[in-house]
Every structure is written in structure tokens, then in C-alpha cells.
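Chemist: Dropping the structure in here first, questions after.
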Amino acid sequence: MPKLLALAGGAALAGCQWLVWCYAPEEATLGLMQKIFYVHLPLAWWALISFFVVFLGSLAVLARRSEAADRLCAAAAEVGVLFSGLTLLTGMIWARRSWGVWWTWDPRLSTALVMWFIYAAYLLLRGLDMAPERRRTVCAVVGVAAFLDVPLVFVSARIWRSIHPAVFASRGGGLEPEMKLTAVACVAAMGLFWAALVWLRKRQLDLAARLEAADADED
Amino acid sequence: MDTLYWLLAANAVVWIGFGAYLAFLAGRERALALRLARWERSARG
Amino acid sequence: MPEDAAIALEGVSKRFGAARVLRKVDASFPAGAVTLVIGGNGAGKSTLLKIMAGLSRPSSGRLARGAGADGGEARLGYVGHATFLYPGLTALENLAFWRTAHRLPLDGAALLALLARVGLAAHAHERARVFSRGMAQRLNLARVLMLAPDILLLDEPMTGLDAPSRELLRREIAAARAAGACVALVSHDLEGDGPLADRVLALASGAVAYEGPAAAFFARAGEGPCCA
Amino acid sequence: MLRLSLAIARKDLVLTLVRGNGLVQALLLGLLLLFVFSLAQAPGEKVGPQAAAAMFWLASAFSQVLIFNRLYDVEEANGARLGLALLPAPVQGVWLGKLAAGLVLLLLAQAVFLPAALVFLGQDLVAHPFTGLAILALVDAGMCALGSLLGALAQGQSGRESLLGVVLFPLLTPLLLAGIGVGAQCLGAPAPDGPAAWLRLAAAFDAVFLGVGLVLFGFIYPGED
């Protein structure tokens, strides 16, 4: 089932490539380069959703001591770090081409970077050698604190450079219908792919946990 | 064509990233399959 | 749980990852009695006491505690392998901290008297850092006694104590029992601590091997090789 | 709970300031950071107010990691952590006590870092005493709320200093930005919008993480051994 989902996601992403390259018109001011947007935006969104899933899973771990929720957190955090890392890289390439700099203190870009740091540390914490029960609660606490930090990071980054032109916001309203359709399709396709990745990883972790338990029962 | 070059680089980065994670998943899958096989052997015999 | 039990365990199991330390332990510890907990190394004695103290959560099963002497929650005294002492604080400061932390009124003269009771009057203003193992254990004992516990959990408290200190500890255990406390004492020294015991709980690889009156246990143990 | 917090804070301050040398390491590290950064100014040049404020908060952040590691390390020597678990009071009292002790220690450290930053980095304090104190209090409170929560989480781990830093610093980003933003204004950087937005942000951070600490601390402390 998850493999089917992965295939569907892959196919959908491939289909979106056609939309991106042949269907959506070229942006007037930003030119061809704007087409990165169709990968960049879905990556960012699904990274944020991953972290939200980590938050919800962490709450479930704390409230119900659920081990399955903990494994879901692990899977979602890994995919989230991957997606936000790719968001950063595509964003940097875009920035280099469009504005001539690799990095600029845009609120969204900075928030993505700080989130990447936070959840990379979260994954580091997961890899530590701790008693399983302790690791679950420790990671859940960090998972909750990390997500609550996100809006604060975003607001602070915005105050930090309050004079920065709102590059993204101004274009959000000005998308042509074809572009909007393409963007929505890309987000949906990326969502399928994201779900497949998280599902695959979660299933692996479930299997590993079952094997662990089976080993324990033998003694 | 300079823009296209940048565009290709960005897409390449994305697919390399996905590929790396999928490779990681595949590696884990293989390790798990090995462990499962070993466990089944020991459980039967 | 039985009427007179100050603390009771129902089907308590504990596992650490792959290892099963306790298997479905049912036991009750009556008030006003000393229960000797025995068993070989790794039988699960320390884990059992930690679960009774609430320091460790059982993987399954239930733990019930009776009310304290004053009708409120039972006051708990626990002596484990660690002494809970801050090396940088003096003996008196250590006692004062734990007393305040337990929300009990502070009385310097009473604390000094307590230190005298455990033979540390001359060392009241020395830091715990310089104490020998035996002295630290006696200070630890004073820390527990000043709480006037309803339930006294002692995990091999005799380790590292010289003969007079052991006698002191045994006297205090007897006094606590007389005052109506429930005492659980983990020990390897059946000869020395056996006479104190009213009841015996013997564990073997995490399961109960014997639970009942001490007299019956020692009568049985006298016949064959000791099951501890 | 407040009595427990007070007892713990008092005990920790005695152990750190009177009987130990806990703050010396934090102070030296912070001063070294400030000194090394002063090398960034070319002869005859001055570091900008924003860079100076950033260095001040960086020194504070690093010493905070050492402070909270030390505060939770104190409980490990003879297993006193388990003793705290046996107390009849809610364990959040420990969090609050460590928070208070950490706050005092951090303020003491900053009392050294502030003049050091002014001297090493050649800054002049432009008169904004009230704003400066307000942002100092707000940022320190937030740093200690989070430090007290995460310090408990790192205890018992190998390499816990760097672990605590790696987990703590990104979470502290909004606060550090607020501290640097207002700090730069206090050192004379032009500020068309004033410090109000930063103060509000720092207050919001404090509210969120005081709540988070209060609710979540019980889950990770004292933990089993």
C-alpha cells in the first residue's frame, strides 16, 4: 500500500513537471526562474506539516504514552528535515539567481533555517543512547516546545528586517489562474509523495520495534 | 540559457535529496529483511 | 489490598527493554511489622523497592498505599544505594534542606539532637564531602528518620557500616516498627537481620518464591538448603 | 511548591557561589568570547553597536548552558535527584527553583559581561536605562525558563554541554534576536520603530515557555535511573 502511494506520488510529481514546464505561463517579472517556486513551495508546506505532525504525535506520546505515535514522530521529523533542507537549498539557488545573493534575511527563509536547526537537533536527540521510555518522553517534550517556537521565530524574523520587501506576499495575490492551478497540483502531488515517505518510514520503525519485542520475549 | 542552468541545478538538488533518502530507506529495508529472516530461522529451529 | 497492609502490590511486572526484572509479583506489607526482602543478585529486590517508593513505574500491575498515621498520604522514607547527600553542604545543612523540601518545620536544636542520635554530633558542621561511607550512611539514616515515615523502605542499608552502626540501625528499625511503621528491609545478612523480621518475602529471578511469616520461613530454611 | 523552589534555589546558590566554583567557568568562557571577538575590530575602527550587542548575548547564551548544566549536575552526585522525586510537592517546584537560581547566576554573569563588552568592544551606553533593563529581564526570564526545562533533559547524557547547546540555541533564536535588537538600540543604533515590538515578542516568548516548562517538566524529571 505505501509503495503504491509512493508510485502514485512519483507519477503525480512527474505529471506536475509537465504542468510546470508546458502549461504554466512564464512569470512576467521573475522570468523562467520563477518555476522553482513550484517545487519550493510544496516542499516548504509539507515540511511545516511534518513538524505539525511531530507536534501532534508528541502530544499523543505525552498524554497516552503511545509508542506508535513516537514512531510517527520519528518518521515525520526525518521527512520534515529532508523537505526543509531541500526548501532551503532551492530557495538559496533561487535567491542567488534572482537577487544575486545566496542568502537573505527573509522571514520565511530564516524561519525555515531555524526550523531545520531545531529539528536536526531533535533527530540528534533521537539517535542518542537512552532508555526507550526516557527517549520517548524527552523527544516528545522537545517536539512540543519546538513547534510552539515556530511562530515566535517567524515573528522575530519579520521584526528583524521590517523594511524587507515582501517578495512572496505581493505575488501571492497576483498569480495567474494557470499558475495557481499548477501550484495547487504540485502541492497535492508532493503531499502524496510525502505521505508515502512518512508511511514507509513509519512501517519500517514499526517492524523494527516488533522485532525488538520478539527478541525480548525469547529470553 | 543561464537561467535554465540554475533551474536544472535546483531540480537536480531536489531529486538528489529524494534519491538519497529513498536509498537510506532501501538500506534500512534490506537490514530489516535480514533481521526478520534471521529471527524466523531462530524462531523455527 | 488486605486490611492491615500499608503497601500492597498486585501482579506487578517490570521490564527494562529486553530484560524482565519482575514477573507478576503479588505481595503486601503490613503496618507495624518488618518484612525482610531476600533473594540472590538480580532477583529484583531493589527494583521492587523502587516501585514501592514510586521511583519506578511498573510495566504492568498495580501498587496501592494505605493512609498515613495522620490520616493524610503515607509518609515515605527510602534508603537506597545513593545517599541523596550534597557533598558541598554540611551535615546540618543537608538535613535542613531535605526537611524544608519535605514541608516540615525547621528546628535546629531537634536536628542537632538527631545528629547526636546517629553519632554525628561532632561532625554537624563538616561537609558531607569528607564523610566516610559509614558516616554518610548514618547521615542518610538521620535524613530518613527525621521524616517520621509511615513506610520505611531500606535497600541494603547495612552496606559499608561497621558493627556499632549496624546495631544502631537495627535499634532504629525496631523503634520504627514499635511506632507502627511498615518496614521493608532488603538484606543479604539473614543471620544478623533475620531476628528483626516479622515476615519474609523471597524473590527468585523476579518472581515470588515465598511470602509469609518469618518463623515459618526460617523453620523451613533450617531443614534444607536456603532458598535465598 | 514555592517553598520547595525557594529551598532549592537557596541550596543551589550556596553550592555554586559559596562552596563551588560553578560560575568561574561560565564567566571565563563569556569573557574569552568577548575578548576574541574584540579582535574583529581593525586598529582605530569600532565594532558596530549591533555586533557588540550580539556578542553580549552570545556570551550570555554560552554561560547559560554551563550554568544549567551545573545546576542539574548538582543533583547527580549522590542520587539526590531520586530524593527530589520522593518529595510530596509537585516536581515543577524543582524547575522553578532551578529557574530562579539560574536567573540569579545569569544576571551575575551579565553584570561582568556588560562592562566587559563596553570596554573590549569600545561601546558607549546611550541612555535607555529602562528599556535596557526591561529587555534584559524579559530575555533572561525566557532563557532561564527554557534552560531549566532542557537542562533537566540533557542530564545523564554524555557530551551534555554541547547537546544542551545544540537543542537550546535554535529554540532561543527569537529571544536572542530581541535581545540583540534592543541591545543595539541601547548602544546607539538608529531605531525608527523603537523597542516596543521586541519587548512584546520577548514577553510572548516568556509566556509560552513558562507555560511549557510548567506543564512539561513533570514528564522529564526526575526520570528513572
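Chains: A, B, ... in order of the C-alpha cells. Residues: from 1 per chain. Ligands: from 1, in order shown.
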Quick one: residues within 10 Å of stretch 180-193 of chain D, only C-alpha atoms, excluding same-chain residues fewer than 2 positions away - as a ChimeraX atom specification?

Modeler: /A:156,159-160,162 /D:48-58,118,123-136,174-178,195-199

Chemist: Go ahead and dump the residues you just picked, N, CA, C and O atoms, as a short mmCIF file (atom, residue, chain, number, x, y, z; two decimals), in the first residue's frame.

Modeler:
```cif
data_model
loop_
_atom_site.label_atom_id
_atom_site.label_comp_id
_atom_site.auth_asym_id
_atom_site.auth_seq_id
_atom_site.Cartn_x
_atom_site.Cartn_y
_atom_site.Cartn_z
N SER A 156 9.76 37.07 14.98
CA SER A 156 11.02 37.76 15.29
C SER A 156 11.81 38.03 14.01
O SER A 156 12.40 39.10 13.85
N ILE A 159 10.29 41.11 12.44
CA ILE A 159 10.66 42.38 13.06
C ILE A 159 12.11 42.73 12.72
O ILE A 159 12.46 43.89 12.52
N TRP A 160 12.92 41.71 12.67
CA TRP A 160 14.36 41.91 12.44
C TRP A 160 14.62 42.71 11.18
O TRP A 160 15.49 43.56 11.13
N SER A 162 12.17 44.62 9.19
CA SER A 162 10.82 45.07 8.89
C SER A 162 10.77 45.83 7.57
O SER A 162 9.72 46.01 6.99
N GLY D 48 30.41 47.81 15.44
CA GLY D 48 29.09 48.44 15.45
C GLY D 48 28.30 48.03 16.66
O GLY D 48 28.57 46.99 17.27
N PRO D 49 27.30 48.83 17.04
CA PRO D 49 26.51 48.51 18.24
C PRO D 49 25.81 47.16 18.13
O PRO D 49 25.70 46.43 19.10
N GLN D 50 25.36 46.82 16.93
CA GLN D 50 24.64 45.56 16.78
C GLN D 50 25.55 44.37 17.02
O GLN D 50 25.19 43.40 17.69
N ALA D 51 26.78 44.44 16.47
CA ALA D 51 27.73 43.36 16.68
C ALA D 51 28.06 43.23 18.16
O ALA D 51 28.17 42.12 18.70
N ALA D 52 28.22 44.36 18.84
CA ALA D 52 28.54 44.32 20.27
C ALA D 52 27.40 43.69 21.05
O ALA D 52 27.64 42.83 21.91
N ALA D 53 26.16 44.09 20.71
CA ALA D 53 25.02 43.51 21.41
C ALA D 53 24.95 42.01 21.14
O ALA D 53 24.67 41.21 22.04
N ALA D 54 25.22 41.61 19.90
CA ALA D 54 25.18 40.19 19.56
C ALA D 54 26.20 39.42 20.39
O ALA D 54 25.92 38.34 20.90
N MET D 55 27.41 39.99 20.55
CA MET D 55 28.44 39.30 21.31
C MET D 55 28.05 39.18 22.77
O MET D 55 28.31 38.17 23.42
N PHE D 56 27.43 40.23 23.30
CA PHE D 56 26.99 40.18 24.69
C PHE D 56 26.00 39.03 24.90
O PHE D 56 26.13 38.24 25.84
N TRP D 57 25.05 38.91 23.99
CA TRP D 57 24.03 37.86 24.16
C TRP D 57 24.59 36.48 23.87
O TRP D 57 24.16 35.49 24.45
N LEU D 58 25.57 36.43 22.98
CA LEU D 58 26.21 35.14 22.71
C LEU D 58 26.95 34.67 23.95
O LEU D 58 26.85 33.50 24.35
N LEU D 118 31.40 46.64 26.88
CA LEU D 118 31.60 48.07 26.65
C LEU D 118 33.08 48.37 26.48
O LEU D 118 33.49 49.15 25.61
N GLN D 123 32.18 50.41 23.30
CA GLN D 123 30.83 50.91 23.11
C GLN D 123 30.50 51.96 24.17
O GLN D 123 31.11 52.00 25.24
N ASP D 124 29.52 52.77 23.87
CA ASP D 124 29.00 53.71 24.86
C ASP D 124 27.53 53.41 25.08
O ASP D 124 26.79 53.20 24.12
N LEU D 125 27.16 53.37 26.35
CA LEU D 125 25.77 53.10 26.68
C LEU D 125 24.97 54.40 26.49
O LEU D 125 25.12 55.34 27.25
N VAL D 126 24.16 54.44 25.45
CA VAL D 126 23.29 55.59 25.27
C VAL D 126 22.13 55.42 26.24
O VAL D 126 21.68 54.32 26.50
N ALA D 127 21.67 56.53 26.81
CA ALA D 127 20.70 56.42 27.90
C ALA D 127 19.37 55.84 27.46
O ALA D 127 18.57 56.49 26.80
N HIS D 128 19.15 54.58 27.77
CA HIS D 128 17.84 53.95 27.65
C HIS D 128 17.71 53.01 28.83
O HIS D 128 17.45 51.83 28.65
N PRO D 129 17.97 53.47 30.04
CA PRO D 129 18.12 52.51 31.14
C PRO D 129 16.89 51.65 31.33
O PRO D 129 17.00 50.45 31.53
N PHE D 130 15.71 52.25 31.20
CA PHE D 130 14.51 51.47 31.47
C PHE D 130 14.31 50.38 30.43
O PHE D 130 14.11 49.21 30.74
N THR D 131 14.41 50.77 29.15
CA THR D 131 14.25 49.80 28.08
C THR D 131 15.29 48.68 28.23
O THR D 131 14.98 47.50 28.07
N GLY D 132 16.52 49.08 28.51
CA GLY D 132 17.59 48.10 28.63
C GLY D 132 17.29 47.09 29.72
O GLY D 132 17.40 45.88 29.49
N LEU D 133 16.88 47.59 30.87
CA LEU D 133 16.58 46.68 31.98
C LEU D 133 15.39 45.80 31.65
O LEU D 133 15.37 44.61 31.97
N ALA D 134 14.38 46.38 30.99
CA ALA D 134 13.18 45.60 30.67
C ALA D 134 13.53 44.45 29.75
O ALA D 134 13.14 43.30 29.98
N ILE D 135 14.29 44.72 28.71
CA ILE D 135 14.60 43.65 27.76
C ILE D 135 15.52 42.63 28.42
O ILE D 135 15.40 41.42 28.20
N LEU D 136 16.43 43.10 29.28
CA LEU D 136 17.30 42.17 30.00
C LEU D 136 16.47 41.21 30.84
O LEU D 136 16.67 39.98 30.80
N PRO D 174 14.38 33.53 18.71
CA PRO D 174 13.58 34.76 18.80
C PRO D 174 14.01 35.67 19.95
O PRO D 174 14.12 36.89 19.77
N LEU D 175 14.31 35.04 21.09
CA LEU D 175 14.73 35.83 22.25
C LEU D 175 16.05 36.53 21.99
O LEU D 175 16.24 37.71 22.32
N LEU D 176 16.98 35.79 21.40
CA LEU D 176 18.30 36.39 21.15
C LEU D 176 18.17 37.55 20.17
O LEU D 176 18.80 38.59 20.34
N LEU D 177 17.32 37.36 19.15
CA LEU D 177 17.11 38.46 18.21
C LEU D 177 16.54 39.68 18.94
O LEU D 177 16.96 40.82 18.70
N ALA D 178 15.58 39.43 19.84
CA ALA D 178 15.00 40.55 20.59
C ALA D 178 16.07 41.23 21.43
O ALA D 178 16.18 42.46 21.44
N PRO D 195 11.71 50.02 20.50
CA PRO D 195 11.85 48.65 21.03
C PRO D 195 10.53 47.96 21.32
O PRO D 195 10.53 46.81 21.74
N ALA D 196 9.38 48.63 21.10
CA ALA D 196 8.11 48.08 21.59
C ALA D 196 7.85 46.69 21.02
O ALA D 196 7.47 45.76 21.75
N ALA D 197 8.06 46.51 19.70
CA ALA D 197 7.76 45.22 19.08
C ALA D 197 8.60 44.12 19.70
O ALA D 197 8.12 43.02 19.96
N TRP D 198 9.87 44.43 19.95
CA TRP D 198 10.75 43.42 20.54
C TRP D 198 10.31 43.06 21.95
O TRP D 198 10.35 41.90 22.35
N LEU D 199 9.93 44.08 22.73
CA LEU D 199 9.50 43.80 24.10
C LEU D 199 8.28 42.90 24.10
O LEU D 199 8.18 41.96 24.88
#
```

Chemist: Find the residues near B:Leu22: any atom within 10 Å, counting only C-alpha atoms, skip ones fewer than 6 places away on the same chain, and give them as an MDAnalysis selection string.

Modeler: (chainID A and resid 197 200:201) or (chainID B and resid 16 28)

Chemist: Pick the closest to chain D from A:Gly10, A:Gly127, A:Pro42, A:Gly100: which is it, counting only C-alpha atoms?

Modeler: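 Among the listed residues, A:Gly127 lies closest to chain D.
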
Chemist: Please find the residues of chain D near chain A - the criterion being any atom within 7 Å, counting only C-alpha atoms - and write them as a list in words.

Modeler: Leu153, Val166, Val167, Pro170, Leu171, Thr173, Pro174, Leu177, Phe205, Val212, Leu216, Phe219 and Ile220 of chain D

Chemist: What's around stretch 6-20 of chain D at 10 Å? Count only C-alpha atoms, leave out sequence neighbours fewer than 2 positions away in its own chain, and write the answer as a PyMOL selection string.

Modeler: (chain C and resi 86-89+93-94+96-101+127) or (chain D and resi 1-4+22-24+67+70-72+74-75+84+93-105)

Chemist: For D:Glu161, list every protein, DNA or RNA residue within 8 Å, evaluated using only C-alpha atoms, and leave out those in the same chain fewer than 6 positions away; present the list as a CSV table (one decimal) with all heavy atoms, in the first residue's frame.

Modeler:
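So part.csv came out as:
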```csv
chain,number,residue,atom,x,y,z
D,65,VAL,N,24.3,27.9,29.2
D,65,VAL,CA,24.4,26.5,29.0
D,65,VAL,C,25.2,25.9,30.2
D,65,VAL,O,24.8,24.8,30.8
D,65,VAL,CB,25.0,26.1,27.7
D,65,VAL,CG1,25.4,24.7,27.6
D,65,VAL,CG2,24.0,26.5,26.6
D,66,LEU,N,26.4,26.5,30.5
D,66,LEU,CA,27.2,26.0,31.6
D,66,LEU,C,26.5,26.0,32.9
D,66,LEU,O,26.5,25.1,33.7
D,66,LEU,CB,28.5,26.8,31.6
D,66,LEU,CG,29.4,26.6,30.5
D,66,LEU,CD1,30.7,27.4,30.7
D,66,LEU,CD2,29.7,25.1,30.2
D,69,ASN,N,23.7,23.3,33.1
D,69,ASN,CA,24.3,22.0,33.3
D,69,ASN,C,24.8,21.8,34.7
D,69,ASN,O,24.6,20.8,35.3
D,69,ASN,CB,25.5,21.9,32.3
D,69,ASN,CG,25.1,21.1,31.1
D,69,ASN,OD1,24.4,20.1,31.2
D,69,ASN,ND2,25.5,21.6,29.9
D,154,ALA,N,18.9,17.1,29.4
D,154,ALA,CA,20.3,16.7,29.0
D,154,ALA,C,21.0,16.0,30.1
D,154,ALA,O,22.0,15.3,29.8
D,154,ALA,CB,21.1,17.9,28.5
```

Chemist: Which of stretch 35-175 of chain A counts as alpha helix (DSSP H) under DSSP, as a ChimeraX atom specification please?

Modeler: /A:37-64,67-99,107-126,132-160,167-173
